[in-house]
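Student: Take a look at protein-v9.cif, mmCIF, C-alpha atoms, pLDDT in the B column; chains and numbers go by the auth columns:
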```cif
data_coords
#
loop_
_atom_site.group_PDB
_atom_site.id
_atom_site.type_symbol
_atom_site.label_atom_id
_atom_site.label_comp_id
_atom_site.label_asym_id
_atom_site.label_seq_id
_atom_site.Cartn_x
_atom_site.Cartn_y
_atom_site.Cartn_z
_atom_site.B_iso_or_equiv
_atom_site.auth_seq_id
_atom_site.auth_asym_id
ATOM 1 C CA MET A 1 -74.720 184.277 -221.914 62.00 15 A
ATOM 2 C CA GLY A 2 -76.380 184.604 -225.330 81.00 16 A
ATOM 3 C CA THR A 3 -74.522 184.779 -228.606 90.00 17 A
ATOM 4 C CA PRO A 4 -70.780 185.257 -227.985 92.00 18 A
ATOM 5 C CA VAL A 5 -69.077 188.448 -229.149 95.00 19 A
ATOM 6 C CA VAL A 6 -65.607 188.219 -230.675 95.00 20 A
ATOM 7 C CA LEU A 7 -63.222 191.098 -231.369 95.00 21 A
ATOM 8 C CA ILE A 8 -60.464 190.539 -233.933 95.00 22 A
ATOM 9 C CA THR A 9 -57.642 192.951 -234.682 94.00 23 A
ATOM 10 C CA GLY A 10 -55.761 192.495 -237.937 93.00 24 A
ATOM 11 C CA ALA A 11 -58.659 190.654 -239.557 92.00 25 A
ATOM 12 C CA LEU A 12 -58.138 191.581 -243.210 91.00 26 A
ATOM 13 C CA THR A 13 -55.767 188.791 -244.224 90.00 27 A
ATOM 14 C CA GLY A 14 -54.323 185.468 -243.193 92.00 28 A
ATOM 15 C CA ILE A 15 -55.060 184.100 -239.739 92.00 29 A
ATOM 16 C CA GLY A 16 -57.177 187.097 -238.733 92.00 30 A
ATOM 17 C CA ARG A 17 -59.465 186.766 -241.748 94.00 31 A
ATOM 18 C CA ALA A 18 -59.721 182.997 -241.311 94.00 32 A
ATOM 19 C CA ALA A 19 -60.608 183.492 -237.633 94.00 33 A
ATOM 20 C CA ALA A 20 -63.271 186.084 -238.484 95.00 34 A
ATOM 21 C CA ARG A 21 -64.865 183.760 -241.025 95.00 35 A
ATOM 22 C CA ALA A 22 -64.712 180.768 -238.657 95.00 36 A
ATOM 23 C CA PHE A 23 -66.324 182.684 -235.783 95.00 37 A
ATOM 24 C CA ALA A 24 -68.976 184.075 -238.141 96.00 38 A
ATOM 25 C CA ARG A 25 -69.805 180.567 -239.406 95.00 39 A
ATOM 26 C CA GLU A 26 -70.313 179.540 -235.770 94.00 40 A
ATOM 27 C CA GLY A 27 -72.727 182.451 -235.315 95.00 41 A
ATOM 28 C CA HIS A 28 -70.537 184.649 -233.123 96.00 42 A
ATOM 29 C CA ARG A 29 -71.242 188.360 -233.349 97.00 43 A
ATOM 30 C CA THR A 30 -67.988 189.672 -234.793 96.00 44 A
ATOM 31 C CA VAL A 31 -66.139 192.982 -234.610 97.00 45 A
ATOM 32 C CA VAL A 32 -63.179 193.489 -236.917 96.00 46 A
ATOM 33 C CA ALA A 33 -60.685 196.203 -236.090 94.00 47 A
ATOM 34 C CA VAL A 34 -58.318 197.269 -238.841 86.00 48 A
ATOM 35 C CA GLY A 35 -56.825 200.466 -240.153 80.00 49 A
ATOM 36 C CA THR A 36 -58.334 200.465 -243.661 76.00 50 A
ATOM 37 C CA ARG A 37 -62.013 201.165 -244.306 75.00 51 A
ATOM 38 C CA LYS A 38 -62.777 199.851 -247.807 82.00 52 A
ATOM 39 C CA PRO A 39 -61.416 196.292 -247.387 87.00 53 A
ATOM 40 C CA ALA A 40 -62.939 196.124 -243.896 89.00 54 A
ATOM 41 C CA ARG A 41 -66.392 196.977 -245.203 90.00 55 A
ATOM 42 C CA LYS A 42 -66.058 194.185 -247.762 92.00 56 A
ATOM 43 C CA LEU A 43 -65.069 191.726 -245.013 95.00 57 A
ATOM 44 C CA VAL A 44 -68.011 192.787 -242.829 95.00 58 A
ATOM 45 C CA ALA A 45 -70.350 192.193 -245.780 96.00 59 A
ATOM 46 C CA GLU A 46 -68.859 188.701 -246.216 96.00 60 A
ATOM 47 C CA LEU A 47 -69.342 187.952 -242.511 97.00 61 A
ATOM 48 C CA ARG A 48 -72.932 189.173 -242.577 97.00 62 A
ATOM 49 C CA ALA A 49 -73.551 186.966 -245.618 97.00 63 A
ATOM 50 C CA LEU A 50 -72.578 184.033 -243.392 96.00 64 A
ATOM 51 C CA GLY A 51 -75.539 184.936 -241.176 94.00 65 A
ATOM 52 C CA THR A 52 -73.934 186.761 -238.274 94.00 66 A
ATOM 53 C CA GLU A 53 -73.956 190.295 -236.959 97.00 67 A
ATOM 54 C CA ALA A 54 -70.679 192.012 -237.798 97.00 68 A
ATOM 55 C CA GLU A 55 -69.197 195.486 -237.375 96.00 69 A
ATOM 56 C CA PHE A 56 -66.007 197.276 -238.345 94.00 70 A
ATOM 57 C CA PHE A 57 -64.249 199.879 -236.236 96.00 71 A
ATOM 58 C CA ARG A 58 -61.171 201.629 -237.643 95.00 72 A
ATOM 59 C CA THR A 59 -58.412 201.288 -235.057 96.00 73 A
ATOM 60 C CA ASP A 60 -54.670 201.782 -234.860 95.00 74 A
ATOM 61 C CA VAL A 61 -53.597 199.410 -232.075 95.00 75 A
ATOM 62 C CA ARG A 62 -50.473 201.518 -231.434 95.00 76 A
ATOM 63 C CA HIS A 63 -52.636 204.199 -229.793 96.00 77 A
ATOM 64 C CA GLU A 64 -54.198 203.429 -226.426 98.00 78 A
ATOM 65 C CA ASP A 65 -57.087 205.866 -226.829 98.00 79 A
ATOM 66 C CA GLU A 66 -58.114 204.122 -230.065 97.00 80 A
ATOM 67 C CA VAL A 67 -57.905 200.672 -228.460 97.00 81 A
ATOM 68 C CA ARG A 68 -59.929 201.823 -225.442 98.00 82 A
ATOM 69 C CA ASN A 69 -62.526 203.303 -227.818 98.00 83 A
ATOM 70 C CA LEU A 70 -62.615 200.068 -229.848 97.00 84 A
ATOM 71 C CA VAL A 71 -63.412 197.959 -226.803 97.00 85 A
ATOM 72 C CA ASP A 72 -65.942 200.474 -225.474 98.00 86 A
ATOM 73 C CA ARG A 73 -67.698 200.684 -228.861 97.00 87 A
ATOM 74 C CA THR A 74 -67.790 196.884 -229.084 97.00 88 A
ATOM 75 C CA VAL A 75 -69.478 196.666 -225.688 96.00 89 A
ATOM 76 C CA ALA A 76 -71.831 199.555 -226.531 97.00 90 A
ATOM 77 C CA ARG A 77 -72.882 197.785 -229.744 97.00 91 A
ATOM 78 C CA PHE A 78 -73.166 194.202 -228.465 96.00 92 A
ATOM 79 C CA GLY A 79 -73.380 194.502 -224.679 95.00 93 A
ATOM 80 C CA ARG A 80 -70.327 192.404 -223.903 94.00 94 A
ATOM 81 C CA LEU A 81 -67.014 190.978 -225.120 94.00 95 A
ATOM 82 C CA ASP A 82 -66.344 187.250 -224.878 92.00 96 A
ATOM 83 C CA VAL A 83 -63.433 186.453 -227.193 92.00 97 A
ATOM 84 C CA ALA A 84 -60.456 188.507 -228.372 93.00 98 A
ATOM 85 C CA VAL A 85 -58.098 187.599 -231.194 94.00 99 A
ATOM 86 C CA ASN A 86 -55.215 190.072 -231.134 94.00 100 A
ATOM 87 C CA ASN A 87 -53.816 189.490 -234.582 92.00 101 A
ATOM 88 C CA ALA A 88 -52.763 192.960 -235.748 92.00 102 A
ATOM 89 C CA GLY A 89 -49.182 192.875 -236.905 91.00 103 A
ATOM 90 C CA THR A 90 -46.683 194.019 -239.457 89.00 104 A
ATOM 91 C CA GLU A 91 -43.481 192.670 -240.931 87.00 105 A
ATOM 92 C CA GLY A 92 -42.075 196.167 -240.873 88.00 106 A
ATOM 93 C CA GLN A 93 -39.988 197.879 -243.494 87.00 107 A
ATOM 94 C CA PRO A 94 -38.553 195.380 -245.988 89.00 108 A
ATOM 95 C CA GLY A 95 -34.805 195.409 -246.429 89.00 109 A
ATOM 96 C CA PRO A 96 -31.553 194.550 -244.710 90.00 110 A
ATOM 97 C CA VAL A 97 -31.175 195.211 -240.997 88.00 111 A
ATOM 98 C CA THR A 98 -28.348 197.617 -241.810 91.00 112 A
ATOM 99 C CA GLN A 99 -30.856 199.834 -243.608 90.00 113 A
ATOM 100 C CA GLN A 100 -33.396 199.902 -240.793 90.00 114 A
ATOM 101 C CA THR A 101 -33.825 202.930 -238.584 93.00 115 A
ATOM 102 C CA ALA A 102 -34.972 203.278 -235.006 94.00 116 A
ATOM 103 C CA ASP A 103 -38.205 204.758 -236.361 93.00 117 A
ATOM 104 C CA THR A 104 -38.978 201.806 -238.635 91.00 118 A
ATOM 105 C CA TYR A 105 -38.232 199.326 -235.859 91.00 119 A
ATOM 106 C CA THR A 106 -40.307 201.324 -233.358 94.00 120 A
ATOM 107 C CA ALA A 107 -43.301 201.296 -235.708 92.00 121 A
ATOM 108 C CA THR A 108 -43.052 197.510 -236.035 92.00 122 A
ATOM 109 C CA PHE A 109 -42.578 196.972 -232.289 94.00 123 A
ATOM 110 C CA ASP A 110 -45.446 199.307 -231.437 95.00 124 A
ATOM 111 C CA THR A 111 -47.841 197.418 -233.698 93.00 125 A
ATOM 112 C CA ASN A 112 -46.731 193.885 -232.884 93.00 126 A
ATOM 113 C CA VAL A 113 -45.967 194.161 -229.166 94.00 127 A
ATOM 114 C CA LEU A 114 -47.419 197.344 -227.695 95.00 128 A
ATOM 115 C CA GLY A 115 -50.610 196.902 -229.729 95.00 129 A
ATOM 116 C CA THR A 116 -51.101 193.417 -228.328 94.00 130 A
ATOM 117 C CA LEU A 117 -50.503 194.578 -224.754 94.00 131 A
ATOM 118 C CA LEU A 118 -52.860 197.574 -225.078 96.00 132 A
ATOM 119 C CA SER A 119 -55.523 195.372 -226.646 95.00 133 A
ATOM 120 C CA MET A 120 -55.286 192.812 -223.849 94.00 134 A
ATOM 121 C CA LYS A 121 -55.365 195.554 -221.213 94.00 135 A
ATOM 122 C CA HIS A 122 -58.652 196.989 -222.437 95.00 136 A
ATOM 123 C CA GLU A 123 -60.270 193.700 -223.414 95.00 137 A
ATOM 124 C CA LEU A 124 -59.544 192.247 -219.993 92.00 138 A
ATOM 125 C CA ARG A 125 -60.876 195.397 -218.319 93.00 139 A
ATOM 126 C CA VAL A 126 -64.275 194.394 -219.731 93.00 140 A
ATOM 127 C CA MET A 127 -63.956 190.618 -219.637 92.00 141 A
ATOM 128 C CA GLN A 128 -62.966 190.454 -215.965 88.00 142 A
ATOM 129 C CA VAL A 129 -66.071 192.398 -214.919 87.00 143 A
ATOM 130 C CA GLN A 130 -68.191 189.916 -216.899 86.00 144 A
ATOM 131 C CA GLY A 131 -66.551 187.004 -215.091 80.00 145 A
ATOM 132 C CA ALA A 132 -64.961 185.701 -218.286 64.00 146 A
ATOM 133 C CA ALA A 133 -61.800 183.665 -218.267 50.00 147 A
ATOM 134 C CA ALA A 134 -58.942 184.984 -220.375 49.00 148 A
ATOM 135 C CA SER A 135 -56.121 183.256 -222.170 44.00 149 A
ATOM 136 C CA SER A 136 -53.066 184.197 -224.140 45.00 150 A
ATOM 137 C CA THR A 137 -50.533 182.528 -226.363 43.00 151 A
ATOM 138 C CA SER A 138 -47.801 184.104 -224.233 40.00 152 A
ATOM 139 C CA PRO A 139 -45.678 181.712 -222.204 39.00 153 A
ATOM 140 C CA ARG A 140 -46.265 183.174 -218.728 41.00 154 A
ATOM 141 C CA PRO A 141 -49.803 184.495 -218.221 42.00 155 A
ATOM 142 C CA THR A 142 -51.694 183.459 -215.107 42.00 156 A
ATOM 143 C CA VAL A 143 -55.456 183.157 -214.729 43.00 157 A
ATOM 144 C CA THR A 144 -56.843 182.848 -211.216 42.00 158 A
ATOM 145 C CA LYS A 145 -60.377 182.810 -209.813 42.00 159 A
ATOM 146 C CA GLU A 146 -61.156 185.698 -207.460 46.00 160 A
ATOM 147 C CA GLY A 147 -64.782 186.117 -206.458 44.00 161 A
ATOM 148 C CA PRO A 148 -67.220 186.269 -209.373 44.00 162 A
ATOM 149 C CA ALA A 149 -64.553 187.183 -211.923 47.00 163 A
ATOM 150 C CA HIS A 150 -61.278 185.717 -213.063 47.00 164 A
ATOM 151 C CA ARG A 151 -58.084 187.669 -212.604 47.00 165 A
ATOM 152 C CA PHE A 152 -55.558 187.696 -215.401 47.00 166 A
ATOM 153 C CA THR A 153 -51.984 188.669 -214.649 48.00 167 A
ATOM 154 C CA LEU A 154 -49.245 189.128 -217.178 49.00 168 A
ATOM 155 C CA PRO A 155 -45.731 190.382 -216.567 50.00 169 A
ATOM 156 C CA ALA A 156 -45.282 193.577 -218.590 52.00 170 A
ATOM 157 C CA SER A 157 -42.313 192.027 -220.417 48.00 171 A
ATOM 158 C CA THR A 158 -44.213 188.953 -221.636 49.00 172 A
ATOM 159 C CA PRO A 159 -45.489 190.310 -224.985 50.00 173 A
ATOM 160 C CA SER A 160 -41.970 191.348 -225.911 49.00 174 A
ATOM 161 C CA LYS A 161 -40.773 187.775 -225.297 43.00 175 A
ATOM 162 C CA ALA A 162 -43.464 186.040 -227.372 50.00 176 A
#
```
Take the structure from the file and write it as structure tokens.
Tutor:
Amino acid sequence: MGTPVVLITGALTGIGRAAARAFAREGHRTVVAVGTRKPARKLVAELRALGTEAEFFRTDVRHEDEVRNLVDRTVARFGRLDVAVNNAGTEGQPGPVTQQTADTYTATFDTNVLGTLLSMKHELRVMQVQGAAASSTSPRPTVTKEGPAHRFTLPASTPSKA
């Protein structure tokens, strides 16, 4: 298989950043996908200093075309995709629920839920062809072996229940 390739969304802070650093220390080639260039370039430099190949691709996980492009660029750069950490998320607009609008809630939902589903859709499109197994923290995904590749099924409602 060679050196594994990991793709991490939401890698600038917290769990995403810790995951990126941990994978880099293990020698995984690492792609970080975030919406802000300057901090991402700094993170990529830190990962490279740990001795791994690392890239940054600006991506808004709320937009399917950007997610598709992210996965395709990852594969174009490294030849495969082995691990995905879908960590992009937002707490949304601070303030009482009574001051929230449909637009502020939609933006949060689209990042936290739709972004995860779109990411999994396009990551699995590549991983299944490679014969890679897939996993999720969701409560109801199913992985089955079909021919040379694994098949991953996930009810469309599952990310909204996580």
Student: As a list of chain:residue names, please: the residues near Ala36 (chain A) (cut-off 12 Å, all atoms listed in the file, same-chain neighbours under 3 positions excluded).
Tutor: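 That gives A:Val20, A:Ile22, A:Ala25, A:Ile29, A:Gly30, A:Arg31, A:Ala32, A:Ala33, A:Arg39, A:Glu40, A:Gly41, A:His42, A:Arg43, A:Thr44, A:Glu60, A:Leu61, A:Leu64, A:Gly65, A:Thr66.
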Student: Written as a PyMOL selection string, which residues does the PyMOL selection byres ((chain A and resi 83) around 12) give for the file shown?
Tutor: chain A and resi 47+71-75+77-82+84-91+132-133+136-137
Student: In Å, rounded to a single decimal, give me how far CA of Thr125 (chain A) is from CA of Gly103 (chain A).
Tutor: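 Value for the CA of Gly103 (chain A)-CA of Thr125 (chain A) distance: 5.7 Å.
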Student: Point out the residue among A:Ala38, A:Ala102, A:Leu138, A:Gly109 with the least atom-to-atom distance to Ala63 (chain A), counting all atoms listed in the file.
Tutor: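 With all atoms listed in the file as the atom set, the closest residue is A:Ala38.
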Student: Mind giving me the straight-line distance from CA of Gly16 (chain A) to CA of Val48 (chain A) in Å, one decimal?
Tutor: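 Those two atoms sit 25.9 Å apart.
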Student: Find the distance between CA of Asp124 (chain A) and CA of Thr23 (chain A) and write it in Å to one decimal.
Tutor: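 According to the coordinates, CA of Asp124 (chain A) and CA of Thr23 (chain A) are separated by 14.1 Å.
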Student: Counting all atoms listed in the file, which residue out of A:Pro53, A:Ala59, A:Gly129, A:Thr120 sits closest to Asn101 (chain A)?
Tutor: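 That would be A:Gly129, the residue with the smallest distance to Asn101 (chain A).
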